[in-house]
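Asks: Contents of model_20.pdb (PDB, C-alpha atoms) are given next:
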ATOM      1  CA  MET N   1      16.886 122.505 -11.563
ATOM      2  CA  ALA N   2      19.420 125.272 -11.335
ATOM      3  CA  ASP N   3      22.366 125.852  -9.050
ATOM      4  CA  ILE N   4      20.997 129.110  -7.600
ATOM      5  CA  LYS N   5      22.455 130.808  -4.546
ATOM      6  CA  ILE N   6      21.579 134.004  -2.703
ATOM      7  CA  ASP N   7      24.383 135.693  -0.786
ATOM      8  CA  LYS N   8      22.446 136.765   2.288
ATOM      9  CA  ASP N   9      25.097 139.221   3.435
ATOM     10  CA  ARG N  10      25.005 141.048   0.115
ATOM     11  CA  CYS N  11      21.177 141.157   0.061
ATOM     12  CA  LYS N  12      19.534 144.375   1.314
ATOM     13  CA  GLY N  13      16.014 142.964   1.404
ATOM     14  CA  CYS N  14      14.442 145.066  -1.360
ATOM     15  CA  CYS N  15      12.253 142.092  -2.424
ATOM     16  CA  LEU N  16      12.453 142.928  -6.151
ATOM     17  CA  CYS N  17      13.500 139.320  -6.836
ATOM     18  CA  VAL N  18      10.537 138.021  -4.828
ATOM     19  CA  ALA N  19       8.137 139.959  -7.057
ATOM     20  CA  GLU N  20       9.930 138.953 -10.263
ATOM     21  CA  CYS N  21      10.179 135.166  -9.780
ATOM     22  CA  PRO N  22       7.562 133.593 -12.086
ATOM     23  CA  ARG N  23       7.372 130.502  -9.838
ATOM     24  CA  GLY N  24       7.057 132.322  -6.538
ATOM     25  CA  ASN N  25      10.183 130.482  -5.505
ATOM     26  CA  ILE N  26      11.852 133.282  -3.531
ATOM     27  CA  ARG N  27      10.701 134.543  -0.139
ATOM     28  CA  MET N  28      12.034 136.725   2.641
ATOM     29  CA  ALA N  29      13.774 134.882   5.453
ATOM     30  CA  GLU N  30      12.465 135.302   8.977
ATOM     31  CA  LEU N  31      15.918 136.242  10.294
ATOM     32  CA  LEU N  32      18.188 139.198   9.541
ATOM     33  CA  ASN N  33      21.650 139.063   7.977
ATOM     34  CA  ASP N  34      24.879 140.272   9.603
ATOM     35  CA  ALA N  35      24.134 143.829   8.474
ATOM     36  CA  GLY N  36      20.811 143.658  10.310
ATOM     37  CA  GLN N  37      18.792 143.664   7.112
ATOM     38  CA  PRO N  38      16.138 141.222   5.945
ATOM     39  CA  TYR N  39      17.288 138.937   3.145
ATOM     40  CA  ALA N  40      15.770 136.783   0.431
ATOM     41  CA  GLU N  41      16.039 133.000   0.322
ATOM     42  CA  ILE N  42      15.126 130.281  -2.157
ATOM     43  CA  VAL N  43      12.038 128.282  -1.242
ATOM     44  CA  ASP N  44      12.973 125.153  -3.199
ATOM     45  CA  THR N  45      16.148 124.915  -5.291
ATOM     46  CA  ASP N  46      14.688 122.021  -7.287
ATOM     47  CA  ASN N  47      11.822 124.259  -8.384
ATOM     48  CA  CYS N  48      14.173 126.831  -9.964
ATOM     49  CA  THR N  49      14.468 126.711 -13.759
ATOM     50  CA  GLY N  50      17.416 129.139 -13.813
ATOM     51  CA  CYS N  51      15.586 131.776 -15.864
ATOM     52  CA  ALA N  52      17.637 134.440 -14.024
ATOM     53  CA  LEU N  53      14.849 137.042 -13.998
ATOM     54  CA  CYS N  54      15.596 137.524 -10.293
ATOM     55  CA  CYS N  55      19.250 138.225 -11.163
ATOM     56  CA  GLN N  56      18.169 140.809 -13.724
ATOM     57  CA  MET N  57      16.340 142.761 -11.023
ATOM     58  CA  CYS N  58      18.753 142.340  -8.109
ATOM     59  CA  PRO N  59      20.482 145.720  -7.584
ATOM     60  CA  ASP N  60      23.095 144.149  -5.326
ATOM     61  CA  LEU N  61      24.192 141.141  -7.383
ATOM     62  CA  ALA N  62      23.336 138.929  -4.454
ATOM     63  CA  ILE N  63      22.043 136.095  -6.651
ATOM     64  CA  ALA N  64      24.286 133.789  -8.671
ATOM     65  CA  ILE N  65      23.324 130.886 -10.880
ATOM     66  CA  GLY N  66      25.850 128.158 -11.656
ATOM     67  CA  PRO N  67      25.869 125.678 -14.533
ATOM     68  CA  LYS N  68      22.662 123.703 -14.904
ATOM     69  CA  LYS N  69      22.624 120.444 -12.993
ATOM     70  CA  PRO N  70      21.107 117.311 -14.511
ATOM     71  CA  ALA N  71      17.804 116.235 -13.006
ATOM     72  CA  PRO N  72      18.339 113.537 -10.323
ATOM     73  CA  ASP N  73      16.705 110.774 -12.354
ATOM     74  CA  LYS N  74      18.758 111.678 -15.449
ATOM     75  CA  ALA N  75      22.116 111.712 -13.688
ATOM     76  CA  PRO N  76      25.037 110.280 -15.685
ATOM     77  CA  GLY N  77      25.231 106.543 -15.224
ATOM     78  CA  SER N  78      21.564 106.190 -14.310
ATOM     79  CA  VAL N  79      19.433 103.803 -16.266
TER      80      VAL N  79
ATOM     81  CA  MET J  80      21.425 129.985 -17.802
ATOM     82  CA  GLU J  81      24.476 130.923 -15.783
ATOM     83  CA  PHE J  82      24.652 134.226 -14.010
ATOM     84  CA  GLU J  83      27.723 135.590 -12.299
ATOM     85  CA  ARG J  84      29.181 138.933 -11.310
ATOM     86  CA  PRO J  85      30.972 140.650 -14.228
ATOM     87  CA  THR J  86      34.714 141.022 -13.675
ATOM     88  CA  THR J  87      34.476 144.763 -14.359
ATOM     89  CA  LEU J  88      32.490 145.109 -11.134
ATOM     90  CA  LEU J  89      34.444 144.772  -7.903
ATOM     91  CA  GLU J  90      33.212 142.651  -5.001
ATOM     92  CA  THR J  91      32.567 145.761  -2.883
ATOM     93  CA  ARG J  92      29.106 145.980  -1.355
ATOM     94  CA  THR J  93      27.492 149.164  -2.694
ATOM     95  CA  HIS J  94      26.258 152.004  -0.485
ATOM     96  CA  TYR J  95      23.011 152.295  -2.431
ATOM     97  CA  CYS J  96      19.651 152.022  -0.659
ATOM     98  CA  PRO J  97      17.559 148.841  -0.982
ATOM     99  CA  GLY J  98      15.705 148.883  -4.314
ATOM    100  CA  CYS J  99      17.897 151.585  -5.891
ATOM    101  CA  GLY J 100      18.361 151.164  -9.647
ATOM    102  CA  HIS J 101      22.017 152.258  -9.682
ATOM    103  CA  GLY J 102      23.195 148.739  -8.828
ATOM    104  CA  ILE J 103      21.357 147.330 -11.836
ATOM    105  CA  VAL J 104      22.750 149.982 -14.194
ATOM    106  CA  HIS J 105      26.272 149.391 -12.829
ATOM    107  CA  ARG J 106      25.911 145.698 -13.605
ATOM    108  CA  LEU J 107      24.653 146.324 -17.137
ATOM    109  CA  VAL J 108      27.541 148.673 -17.953
ATOM    110  CA  ALA J 109      30.061 146.237 -16.431
ATOM    111  CA  GLU J 110      28.595 143.286 -18.358
ATOM    112  CA  VAL J 111      28.858 145.180 -21.636
ATOM    113  CA  ILE J 112      32.478 146.168 -20.916
ATOM    114  CA  ASP J 113      33.232 142.505 -20.144
ATOM    115  CA  GLU J 114      31.467 141.253 -23.253
ATOM    116  CA  LEU J 115      33.276 143.689 -25.553
ATOM    117  CA  GLY J 116      36.633 142.918 -23.900
ATOM    118  CA  ILE J 117      37.503 146.593 -23.424
ATOM    119  CA  ARG J 118      38.072 146.809 -19.663
ATOM    120  CA  GLU J 119      41.788 147.541 -19.894
ATOM    121  CA  ARG J 120      41.208 150.547 -22.153
ATOM    122  CA  THR J 121      37.987 151.901 -20.673
ATOM    123  CA  ILE J 122      37.852 155.132 -18.666
ATOM    124  CA  GLY J 123      34.666 156.156 -16.892
ATOM    125  CA  THR J 124      33.847 159.646 -15.686
ATOM    126  CA  ALA J 125      31.815 159.784 -12.497
ATOM    127  CA  PRO J 126      29.292 162.437 -11.503
ATOM    128  CA  VAL J 127      28.427 164.160  -8.283
ATOM    129  CA  GLY J 128      25.385 162.425  -6.898
ATOM    130  CA  CYS J 129      24.699 158.965  -5.544
ATOM    131  CA  ALA J 130      27.073 157.446  -8.124
ATOM    132  CA  VAL J 131      29.944 159.609  -6.884
ATOM    133  CA  LEU J 132      31.712 156.507  -5.530
ATOM    134  CA  LEU J 133      31.762 154.808  -8.927
ATOM    135  CA  TYR J 134      35.515 154.258  -8.582
ATOM    136  CA  ASP J 135      34.884 152.023  -5.559
ATOM    137  CA  TYR J 136      32.755 149.670  -7.628
ATOM    138  CA  PHE J 137      34.229 149.553 -11.134
ATOM    139  CA  ASN J 138      37.353 147.594 -11.946
ATOM    140  CA  CYS J 139      38.449 150.050 -14.632
ATOM    141  CA  ASP J 140      39.830 153.577 -14.624
ATOM    142  CA  ILE J 141      37.360 156.119 -13.259
ATOM    143  CA  ILE J 142      37.820 159.866 -12.943
ATOM    144  CA  GLU J 143      35.661 161.788 -10.491
ATOM    145  CA  CYS J 144      34.541 165.065 -12.077
ATOM    146  CA  ALA J 145      33.237 168.365 -10.765
ATOM    147  CA  HIS J 146      29.448 168.501 -10.614
ATOM    148  CA  GLY J 147      27.957 168.271 -14.099
ATOM    149  CA  ARG J 148      31.309 168.207 -15.882
ATOM    150  CA  PRO J 149      31.794 164.553 -16.928
ATOM    151  CA  PRO J 150      31.056 165.371 -20.612
ATOM    152  CA  ALA J 151      33.805 168.041 -20.587
ATOM    153  CA  VAL J 152      36.289 165.690 -18.907
ATOM    154  CA  ALA J 153      35.294 162.866 -21.249
ATOM    155  CA  THR J 154      35.806 165.149 -24.245
ATOM    156  CA  GLY J 155      39.340 165.928 -23.123
ATOM    157  CA  LEU J 156      40.117 162.292 -22.387
ATOM    158  CA  LYS J 157      38.846 161.059 -25.717
ATOM    159  CA  ARG J 158      40.710 163.716 -27.679
ATOM    160  CA  VAL J 159      44.001 163.088 -25.898
ATOM    161  CA  LEU J 160      43.613 159.304 -25.805
ATOM    162  CA  PRO J 161      41.476 158.443 -28.831
ATOM    163  CA  ASP J 162      42.152 154.714 -28.506
ATOM    164  CA  ARG J 163      40.426 154.582 -25.080
ATOM    165  CA  ILE J 164      36.742 153.883 -24.567
ATOM    166  CA  VAL J 165      35.342 156.780 -22.540
ATOM    167  CA  PHE J 166      31.953 156.819 -20.892
ATOM    168  CA  THR J 167      30.141 159.234 -18.617
ATOM    169  CA  TYR J 168      27.841 157.975 -15.878
ATOM    170  CA  GLN J 169      25.525 160.723 -14.659
ATOM    171  CA  GLY J 170      22.296 161.263 -12.805
ATOM    172  CA  ASP J 171      19.589 163.765 -13.632
ATOM    173  CA  GLY J 172      20.894 166.445 -11.282
ATOM    174  CA  ASP J 173      24.350 166.145 -12.797
ATOM    175  CA  LEU J 174      23.467 165.790 -16.477
ATOM    176  CA  ALA J 175      20.231 167.749 -16.752
ATOM    177  CA  ALA J 176      20.715 170.536 -14.193
ATOM    178  CA  ILE J 177      24.214 171.788 -13.427
ATOM    179  CA  GLY J 178      25.698 169.991 -16.433
ATOM    180  CA  THR J 179      23.101 170.964 -19.044
ATOM    181  CA  SER J 180      25.548 173.211 -20.865
ATOM    182  CA  GLU J 181      28.287 170.558 -21.065
ATOM    183  CA  THR J 182      25.788 167.904 -22.089
ATOM    184  CA  ILE J 183      24.246 169.905 -24.915
ATOM    185  CA  HIS J 184      27.518 171.151 -26.352
ATOM    186  CA  THR J 185      29.246 167.780 -26.092
ATOM    187  CA  ALA J 186      26.312 166.181 -27.883
ATOM    188  CA  ASN J 187      26.204 168.945 -30.469
ATOM    189  CA  ARG J 188      29.913 168.538 -31.236
ATOM    190  CA  GLY J 189      29.293 164.850 -31.724
ATOM    191  CA  GLU J 190      32.130 163.793 -29.438
ATOM    192  CA  ASN J 191      32.809 160.087 -29.829
ATOM    193  CA  ILE J 192      31.842 159.125 -26.258
ATOM    194  CA  THR J 193      29.113 157.126 -24.523
ATOM    195  CA  ALA J 194      26.825 158.759 -21.952
ATOM    196  CA  ILE J 195      24.843 156.736 -19.423
ATOM    197  CA  PHE J 196      22.128 158.947 -17.943
ATOM    198  CA  VAL J 197      20.318 157.598 -14.883
ATOM    199  CA  ASN J 198      17.001 159.430 -14.511
ATOM    200  CA  ASN J 199      15.244 158.911 -11.181
ATOM    201  CA  ALA J 200      13.303 162.185 -11.202
ATOM    202  CA  VAL J 201      14.848 163.481  -7.981
ATOM    203  CA  TYR J 202      18.112 164.641  -6.399
ATOM    204  CA  GLY J 203      19.049 161.460  -4.603
ATOM    205  CA  MET J 204      22.236 162.043  -2.639
ATOM    206  CA  THR J 205      21.242 165.409  -1.203
ATOM    207  CA  GLY J 206      17.962 164.168   0.188
ATOM    208  CA  GLY J 207      15.220 164.203  -2.432
ATOM    209  CA  GLN J 208      15.037 167.774  -3.746
ATOM    210  CA  MET J 209      13.227 168.567  -6.981
ATOM    211  CA  ALA J 210      15.269 167.813 -10.106
ATOM    212  CA  PRO J 211      14.695 169.085 -13.657
ATOM    213  CA  THR J 212      13.166 165.693 -14.418
ATOM    214  CA  THR J 213      10.748 165.629 -11.454
ATOM    215  CA  LEU J 214       7.221 164.874 -12.655
ATOM    216  CA  LEU J 215       4.412 167.420 -12.484
ATOM    217  CA  GLY J 216       2.622 167.009  -9.167
ATOM    218  CA  GLN J 217       5.466 164.957  -7.685
ATOM    219  CA  SER J 218       6.137 165.901  -4.103
ATOM    220  CA  THR J 219       9.769 166.455  -3.107
ATOM    221  CA  THR J 220      11.460 168.211  -0.200
ATOM    222  CA  THR J 221      11.662 171.434  -2.247
ATOM    223  CA  SER J 222       8.241 171.024  -3.871
ATOM    224  CA  PRO J 223       6.201 169.695  -0.938
ATOM    225  CA  ASP J 224       2.914 170.551  -2.657
ATOM    226  CA  GLY J 225       4.029 168.864  -5.868
ATOM    227  CA  ARG J 226       5.836 170.294  -8.867
ATOM    228  CA  GLY J 227       3.637 172.933 -10.493
ATOM    229  CA  LEU J 228       3.404 173.787 -14.168
ATOM    230  CA  ASN J 229       3.292 177.528 -13.578
ATOM    231  CA  HIS J 230       6.041 177.848 -11.007
ATOM    232  CA  GLU J 231       8.533 175.091 -11.729
ATOM    233  CA  GLY J 232       7.584 174.216 -15.289
ATOM    234  CA  PRO J 233       7.262 170.778 -16.864
ATOM    235  CA  PRO J 234       9.998 168.108 -16.543
ATOM    236  CA  LEU J 235      12.986 168.334 -18.862
ATOM    237  CA  LYS J 236      13.003 165.558 -21.465
ATOM    238  CA  VAL J 237      16.640 165.034 -22.331
ATOM    239  CA  CYS J 238      16.281 162.533 -25.178
ATOM    240  CA  GLU J 239      13.692 164.688 -26.944
ATOM    241  CA  LEU J 240      15.889 167.755 -26.407
ATOM    242  CA  LEU J 241      19.069 166.187 -27.770
ATOM    243  CA  ALA J 242      17.314 164.517 -30.710
ATOM    244  CA  SER J 243      17.186 167.876 -32.484
ATOM    245  CA  LEU J 244      21.003 168.205 -32.497
ATOM    246  CA  ASP J 245      22.815 167.209 -35.687
ATOM    247  CA  GLY J 246      25.889 165.937 -33.833
ATOM    248  CA  VAL J 247      24.094 163.165 -31.973
ATOM    249  CA  THR J 248      24.396 159.606 -33.275
ATOM    250  CA  TYR J 249      22.269 157.488 -30.948
ATOM    251  CA  LEU J 250      19.674 158.223 -28.282
ATOM    252  CA  GLU J 251      17.540 155.670 -26.509
ATOM    253  CA  ARG J 252      15.442 155.768 -23.360
ATOM    254  CA  VAL J 253      15.186 152.521 -21.418
ATOM    255  CA  ALA J 254      14.210 151.440 -17.893
ATOM    256  CA  VAL J 255      15.338 148.969 -15.240
ATOM    257  CA  SER J 256      11.969 148.540 -13.539
ATOM    258  CA  THR J 257      11.186 145.068 -14.917
ATOM    259  CA  ALA J 258      13.428 142.188 -15.930
ATOM    260  CA  LYS J 259      12.306 142.598 -19.548
ATOM    261  CA  ASP J 260      13.184 146.308 -19.525
ATOM    262  CA  THR J 261      16.530 145.519 -17.940
ATOM    263  CA  ILE J 262      17.437 143.103 -20.739
ATOM    264  CA  LYS J 263      16.483 145.787 -23.301
ATOM    265  CA  ALA J 264      18.529 148.360 -21.384
ATOM    266  CA  ARG J 265      21.595 146.144 -21.681
ATOM    267  CA  LYS J 266      21.181 145.972 -25.459
ATOM    268  CA  ALA J 267      20.923 149.773 -25.652
ATOM    269  CA  ILE J 268      24.030 150.259 -23.501
ATOM    270  CA  ARG J 269      25.899 147.728 -25.625
ATOM    271  CA  LYS J 270      24.958 149.599 -28.775
ATOM    272  CA  ALA J 271      26.109 152.900 -27.263
ATOM    273  CA  PHE J 272      29.546 151.382 -26.535
ATOM    274  CA  VAL J 273      29.796 149.677 -29.935
ATOM    275  CA  ASN J 274      29.047 153.015 -31.636
ATOM    276  CA  GLN J 275      32.028 154.524 -29.863
ATOM    277  CA  ILE J 276      34.312 151.597 -30.746
ATOM    278  CA  GLU J 277      33.295 152.003 -34.389
ATOM    279  CA  GLY J 278      33.898 155.768 -34.221
ATOM    280  CA  LYS J 279      30.301 156.698 -34.947
ATOM    281  CA  GLY J 280      29.997 159.555 -32.467
ATOM    282  CA  TYR J 281      27.962 160.630 -29.462
ATOM    283  CA  SER J 282      25.578 158.074 -27.938
ATOM    284  CA  LEU J 283      23.385 158.582 -24.886
ATOM    285  CA  VAL J 284      21.243 156.009 -23.101
ATOM    286  CA  GLU J 285      18.727 157.410 -20.618
ATOM    287  CA  VAL J 286      17.776 154.856 -17.970
ATOM    288  CA  LEU J 287      14.598 155.378 -15.930
ATOM    289  CA  SER J 288      15.543 154.162 -12.486
ATOM    290  CA  MET J 289      14.112 153.780  -8.993
ATOM    291  CA  CYS J 290      14.824 155.954  -5.948
ATOM    292  CA  PRO J 291      12.375 154.515  -3.403
ATOM    293  CA  THR J 292      14.025 156.218  -0.415
ATOM    294  CA  ASP J 293      13.617 159.763  -1.703
ATOM    295  CA  TRP J 294      10.238 158.993  -3.244
ATOM    296  CA  LYS J 295       9.167 157.843   0.256
ATOM    297  CA  LEU J 296       8.015 154.528  -1.219
ATOM    298  CA  SER J 297       8.820 150.864  -0.678
ATOM    299  CA  PRO J 298      11.124 149.247  -3.301
ATOM    300  CA  GLN J 299       8.136 147.543  -4.953
ATOM    301  CA  GLN J 300       6.145 150.787  -4.979
ATOM    302  CA  GLY J 301       9.221 152.424  -6.517
ATOM    303  CA  VAL J 302       9.133 149.944  -9.382
ATOM    304  CA  ASP J 303       5.414 150.655  -9.819
ATOM    305  CA  PHE J 304       6.110 154.408  -9.875
ATOM    306  CA  VAL J 305       8.527 153.971 -12.790
ATOM    307  CA  ASN J 306       6.177 151.638 -14.639
ATOM    308  CA  HIS J 307       2.969 153.605 -14.165
ATOM    309  CA  GLN J 308       4.059 157.234 -13.754
ATOM    310  CA  MET J 309       7.507 157.848 -15.209
ATOM    311  CA  LYS J 310       7.035 155.842 -18.396
ATOM    312  CA  LYS J 311       3.969 157.970 -19.251
ATOM    313  CA  VAL J 312       5.976 161.183 -19.069
ATOM    314  CA  PHE J 313       9.221 159.721 -20.417
ATOM    315  CA  PRO J 314       8.186 157.218 -23.114
ATOM    316  CA  LEU J 315      10.725 154.454 -23.766
ATOM    317  CA  GLY J 316      12.202 154.001 -27.204
ATOM    318  CA  VAL J 317      14.881 155.006 -29.688
ATOM    319  CA  TYR J 318      14.885 158.778 -30.225
ATOM    320  CA  LYS J 319      17.676 158.917 -32.752
ATOM    321  CA  ASP J 320      19.811 156.335 -34.516
ATOM    322  CA  ARG J 321      22.221 157.446 -37.225
ATOM    323  CA  SER J 322      24.504 154.457 -36.658
TER     324      SER J 322
END
Show me the file's structure as structure tokens.
Replies:
Amino acid sequence: MADIKIDKDRCKGCCLCVAECPRGNIRMAELLNDAGQPYAEIVDTDNCTGCALCCQMCPDLAIAIGPKKPAPDKAPGSV
Amino acid sequence: MEFERPTTLLETRTHYCPGCGHGIVHRLVAEVIDELGIRERTIGTAPVGCAVLLYDYFNCDIIECAHGRPPAVATGLKRVLPDRIVFTYQGDGDLAAIGTSETIHTANRGENITAIFVNNAVYGMTGGQMAPTTLLGQSTTTSPDGRGLNHEGPPLKVCELLASLDGVTYLERVAVSTAKDTIKARKAIRKAFVNQIEGKGYSLVEVLSMCPTDWKLSPQQGVDFVNHQMKKVFPLGVYKDRS
């Protein structure tokens, strides 16, 4: 899983990330952002591999991916 | 994989339309400047066109030039300050129409600069008029019945044109219409900057980009237009590499 975040106020709703995600893990939200534009949201953060193809296509740099998190069952200290 | 905003790009929200390729090209240029560690000695020259507000978005020195004149300004900058990294960022109206003369002569002299040429086959800022790079049959506000071969002539192919000039070091045409193309575009832009750092001469990267608003298409249809129409007329690839 990846630490992926979409800044909804930076998103202009072009949907290029939605088309690019190989897992179909990005969709358009039903609401509008503060600028009155539709915005993209992650369907399931745990389903994101962090491939960053969405980031490659985002013209507005609305998507950021942080350092990879360990899977829950492989967390440090777990047996 | 981590992915964050390059420091060469300011936090400002751009004025570009949804699905416009300029934002992607800005990011690629900024990432390369970051990676090469040259931000403090980089000077960009901005065009007239949608990218006219380049100085609002880039965290490096930017000079706004008269329409079509970034290659002339960049020539002066590079000659006076040879230790600076100078790039031009131009659209098709700027580089291939009003600035054709500057572009050809700067390339022919082999000035040691980097040119980023964003080709979206239309005049964007002024409302979608026909550009020199508009495709045959493409409808624009000044060619409502489509560009015709007999009246307007075929689209101008800048990479093919400049490839015949002895002064040119590196020419590549790339696109930002798929993630794969975007990654390749970054490599081409990087090479164009590295050529300048190594003093190898004039490099130009032509980027096929989307303008869904003036094409009267949705952002996704805009991507399809680049992939299925523009790439046929403007084939991607390296047109010259003397580096």
Asks: I'd like the residues picked by the PyMOL selection byres ((chain J) within 12 of (chain N)) written out as a PyMOL selection string, using the chain letters and numbers from the file.
Replies: chain J and resi 80-85+88-107+109-110+136+254-265+288-292+296-303
Asks: Name the residues in contact with range 160-175 of chain J at a cut-off of 7 Å, using all atoms listed in the file, excluding same-chain residues fewer than 6 positions from it; report them as a compact mmCIF listing (two decimals) with C-alpha atoms, keeping the file's coordinate frame.
Replies:
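Heads up, here's the output in around-v9.txt:
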# COMPACT_ATOMS: atom_id res chain seq x y z
CA ARG J 120 41.21 150.55 -22.15
CA THR J 121 37.99 151.90 -20.67
CA ILE J 122 37.85 155.13 -18.67
CA GLY J 123 34.67 156.16 -16.89
CA THR J 124 33.85 159.65 -15.69
CA ALA J 125 31.82 159.78 -12.50
CA PRO J 126 29.29 162.44 -11.50
CA VAL J 127 28.43 164.16 -8.28
CA GLY J 128 25.38 162.43 -6.90
CA HIS J 146 29.45 168.50 -10.61
CA GLY J 147 27.96 168.27 -14.10
CA PRO J 149 31.79 164.55 -16.93
CA PRO J 150 31.06 165.37 -20.61
CA ALA J 153 35.29 162.87 -21.25
CA THR J 182 25.79 167.90 -22.09
CA ILE J 192 31.84 159.12 -26.26
CA THR J 193 29.11 157.13 -24.52
CA ALA J 194 26.82 158.76 -21.95
CA ILE J 195 24.84 156.74 -19.42
CA PHE J 196 22.13 158.95 -17.94
CA VAL J 197 20.32 157.60 -14.88
CA ASN J 198 17.00 159.43 -14.51
CA ASN J 199 15.24 158.91 -11.18
CA ALA J 200 13.30 162.18 -11.20
CA TYR J 202 18.11 164.64 -6.40
CA ALA J 210 15.27 167.81 -10.11
CA PRO J 211 14.70 169.08 -13.66
CA THR J 212 13.17 165.69 -14.42
Asks: Spell out the residues picked by the PyMOL selection byres ((chain J and resi 181) around 8) here, as a ChimeraX atom specification.
Replies: /J:147-148,150-151,178-180,182-185
Asks: Report the distance between CA of Asn47 in chain N and CA of Asn33 in chain N in Å, rounded to one decimal place.
Replies: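 Computed distance, CA of Asn47 in chain N to CA of Asn33 in chain N, equals 24.2 Å.
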Asks: Skip Arg27 in chain N itself and residues of its chain fewer than 4 positions away, then list as number ranges by chain all residues within 7 Å of it, counting all atoms listed in the file.
Replies: N: 18, 40-43
Asks: Expressed in Å to a single decimal, how great is the separation between CA of Leu287 in chain J and CA of Ala267 in chain J?
Replies: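 Those two atoms sit 12.9 Å apart.
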Asks: What is the CA of Tyr134 in chain J to CA of Gln275 in chain J distance in Å?
Replies: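 Straight-line distance from CA of Tyr134 in chain J to CA of Gln275 in chain J works out to 21.6 Å.
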Asks: Which one is closest to Asp46 in chain N: N:Asp34, N:Ala29, N:Asp7, N:Arg23? Count all atoms listed in the file.
Replies: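 Once distances to Asp46 in chain N are computed over all atoms listed in the file, the minimum belongs to N:Arg23.
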Asks: So which residues touch Glu231 in chain J within 12 Å, counting only C-alpha atoms, skipping near sequence neighbours fewer than 6 positions away, as a ChimeraX atom specification?
Replies: /J:209-217,221-222,224-225
Asks: Any chance you could work out the residue set of the PyMOL selection byres ((chain J and resi 312) around 9) here, as a ChimeraX atom specification?
Replies: /J:214,234,236,308-311,313-314
Asks: Which protein, DNA or RNA residues are at most 10 Å from (32.9, 158.5, -35.1) in the file's coordinates when you count all atoms listed in the file, listed as a PyMOL selection string?
Replies: chain J and resi 189-192+248+274-281+322
